[in-house]
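Everything on this sheet refers to the single structure shown next.
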Amino acid sequence: MTSVTAPGRRGVFVGWVLAVYAVARVVTTTILLLVMSRQVPSGMTGGDDVPVTYFPFTALWDGQWYQTIALHGYPSQLPVGETGAVSQNPWAFYPLFPLLARAGMSVTGLDFPTVGSTIALLCGAGAAVLMGLLLRDRLGDPAAYVVVALWASFPASVTLQLAYTESLAMLLLVAYLYALARERWLVATAVALLVGLSRPIAVPLGIVTLVVVALRWRARRERPIPPSTYAAMLAALVGCGVAGLLWPAVAWWRTGVSSAYTDTMAAWRGSGTVEPFTPWVGMSEYVFGPTWGPVLLVVVPLGLVAMVAGPWARGLGADLRTWSLAYPAYLAAVLDPFTSIFRYLVPLFPLLGVVVGAGWADRRGNGWPRLLVRAVPLLVLFVVGQYWWTDELWRFVPPSDYPP
């Protein structure tokens, strides 16, 4: 699909999107500073006897793994515990973000927390701009601003300025969807390969690409497809397939163990193995009880399908609707659900348009008054959720704590 909105005031639009993103980050920075005042010094913050400051506070938890990779790279041998199973190690973490941080550290001479947090902040800004442009063509300017504001204020959006990969992954995700929407197949192929080095989301993107290619093929009578375009569409599909296998293949090549990546991922699972779908049953019963847990496992997916399949989401387009189903299905298959589920929801930005009623194809109700009535209460709830996420999950309480 191609753009239906003339460039017009695009520069002004981008400026306002960046302003919205900047305000959201000011709010998050304030929350981080408030919670930081309650953070006990530890090895993750620079030392037990070192006062906690902002940038080290943004590099807790997985940020420590990325720092290790940026400084020392990946091991050529997998560490093994007393039981013979592979121990937790850097191969679980994709390389593009720490490599960018290493380059930034070399150029600026700054430490990893400072560079990593700054890269995340800038990538988040780029993601916000591309997201706004992608949604502007479909939902109109006001709805695009509102969705960007809600996405940038989502409870786990704190990660957009932490030394984590969420911002980089979001930038590449939206760049891929943007290229796909404009039928820039070869650009999408190149972005897909970068996705394969940043986050394991190439599989659901491949499903989105397959749907877009199929729809383009169905329209071939009205819009004939040149042979070169067929080749480019195939390249985009192959690119997603290669991206999905790229990092496991690199881990195999470096360590000599074909299952290096999956064995490493299993080290983070409670069962010690990667089991599709089944962990959700146990976790749902643990959180909601043996009665309501299984019920919610049925109700929530059905509710998600209803949100995306109804006419109230038609304005999003087939690509964003497919992503909104393929990505959660992928998470259900590969994720061991725990506290990290909140930040894994950050890429589901199209659903925010449906929640505020902006997804109708005819853009009904997408004027400012109605949008603000729906969005402002949700925005307040999200900001409160940011404080909860930062204080309850991000702040480390020694000697051990649940990771975010």
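We label chains A, B, ... in the order they appear in the structure tokens, count residues from 1 in each chain, and number ligands from 1 in the order shown.
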
Neighbour list for Leu168 of chain A as a PyMOL selection string, cut-off 8 Å, only C-alpha atoms, skip fewer than 3 positions in-chain: chain A and resi 97+120+123-124+165+171-172+198

Skipping near chain neighbours, those fewer than 5 positions away, what residues fall within 9 Å of segment 134-142 of chain A using only C-alpha atoms, listed as number ranges by chain? A: 3-6, 13, 129, 147, 174, 177-178, 181, 315-317, 350, 353, 358-363, 366-368, 371

Once you count only C-alpha atoms, what closest atom pair and distance in Å to one decimal does each residue of segment 257-336 of chain A within 12 Å of segment 211-218 of chain A have, with rows by chain and rising residue number, as CSV?
```
residue,atom,partner,partner_atom,distance
A:Gly317,CA,A:Val212,CA,9.9
A:Ala318,CA,A:Val212,CA,7.3
A:Asp319,CA,A:Val212,CA,6.3
A:Leu320,CA,A:Val212,CA,10.1
A:Arg321,CA,A:Val211,CA,10.3
A:Thr322,CA,A:Val211,CA,7.6
A:Trp323,CA,A:Val211,CA,10.0
A:Ala326,CA,A:Val211,CA,10.9
```

Choose the residue, out of A:Val23, A:Leu121, A:Met105, A:Met233, that has the smallest atom-to-atom separation from Leu71 of chain A; count only C-alpha atoms. A:Met105

Of the residues A:Ala266, A:Ala22, A:Ile341, A:Val281, which is the one nearest to Pro403 of chain A, using only C-alpha atoms?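 Residue with the minimum atom-to-atom distance to Pro403 of chain A: A:Ile341.
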
Nearest residue to Ser259 of chain A out of A:Leu296, A:Leu379, A:Leu78, A:Ala190, using only C-alpha atoms?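 Looking at the shortest contact to Ser259 of chain A, the residue is A:Leu78.
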
List the spatial neighbours of Tyr74 of chain A as a list in words - criterion: any atom at most 9 Å away, only C-alpha atoms, same-chain residues fewer than 6 positions off excluded.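 After dropping sequence-adjacent residues, the list is Thr68, Asn89, Pro90, Trp91 and Arg254 of chain A.
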
Write down as a PyMOL selection string the residues of segment 2-179 of chain A whose backbone DSSP state falls under helix (DSSP H, G or I). chain A and resi 10-36+43-45+54-57+62-72+90-92+96-108+112-139+141-153+155-161+166-179

Would you list the contacts of Ile31 of chain A as a PyMOL selection string, taking every protein, DNA or RNA residue within 8 Å and counting only C-alpha atoms, but skipping same-chain residues closer than 4 positions in sequence? chain A and resi 27+35+386-387+390

Output of the above residues as a PDB file, in the first residue's frame, restricted to N, CA, C and O atoms:
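Contents of selection-v2.pdb, freshly written:
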```pdb
ATOM      1  N   VAL A  27       8.691  13.486  31.478  1.00  0.00           N
ATOM      2  CA  VAL A  27       7.893  12.864  32.527  1.00  0.00           C
ATOM      3  C   VAL A  27       8.592  11.607  33.039  1.00  0.00           C
ATOM      4  O   VAL A  27       8.708  11.379  34.254  1.00  0.00           O
ATOM      5  N   VAL A  35      12.377   7.686  41.688  1.00  0.00           N
ATOM      6  CA  VAL A  35      12.606   6.308  42.134  1.00  0.00           C
ATOM      7  C   VAL A  35      14.079   6.090  42.453  1.00  0.00           C
ATOM      8  O   VAL A  35      14.417   5.351  43.393  1.00  0.00           O
ATOM      9  N   GLN A 386       3.775   3.951  34.797  1.00  0.00           N
ATOM     10  CA  GLN A 386       5.228   4.123  34.674  1.00  0.00           C
ATOM     11  C   GLN A 386       5.899   4.158  36.040  1.00  0.00           C
ATOM     12  O   GLN A 386       6.953   3.546  36.244  1.00  0.00           O
ATOM     13  N   TYR A 387       5.288   4.893  36.950  1.00  0.00           N
ATOM     14  CA  TYR A 387       5.883   4.956  38.294  1.00  0.00           C
ATOM     15  C   TYR A 387       5.881   3.576  38.936  1.00  0.00           C
ATOM     16  O   TYR A 387       6.868   3.151  39.543  1.00  0.00           O
ATOM     17  N   THR A 390       8.581   1.398  37.268  1.00  0.00           N
ATOM     18  CA  THR A 390       9.933   1.810  37.629  1.00  0.00           C
ATOM     19  C   THR A 390      10.257   1.451  39.076  1.00  0.00           C
ATOM     20  O   THR A 390      11.350   0.951  39.379  1.00  0.00           O
TER      21      THR A 390
END
```

Can you work out the spacing between atom CA of Thr53 of chain A and atom CA of Phe342 of chain A in Å, to one decimal?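 If I compute the distance from atom CA of Thr53 of chain A to atom CA of Phe342 of chain A, I get 25.1 Å.
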
All residues 12 Å or closer to Leu194 of chain A, only C-alpha atoms, same chain fewer than 4 positions away omitted, as a VMD selection string: chain A and resid 94 to 97 168 to 173 175 to 176 187 to 190 198 to 202 239 to 240 242 to 244 246 to 247

Residues within 12 Å of Thr255 of chain A, only C-alpha atoms, excluding chain neighbours under 4 positions, as a PyMOL selection string: chain A and resi 74-79+91+248-251+259-261+263-264

Rounded to one decimal, what separation in Å do you get between atom CA of Ser117 of chain A and atom CA of Tyr54 of chain A?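 The value is 10.0 Å.
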
Within 10 Å of Thr278 of chain A, counting only C-alpha atoms, which residues qualify if same-chain residues fewer than 5 places away don't, as a list of chain:residue names?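 Skipping anything fewer than 5 positions along the chain leaves A:Met283, A:Ala332, A:Ala333, A:Val334, A:Leu335, A:Asp336.
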
Between atom CA of Val107 of chain A and atom CA of Val191 of chain A, what distance in Å does the model show, to one decimal?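 Straight-line distance from atom CA of Val107 of chain A to atom CA of Val191 of chain A works out to 24.6 Å.
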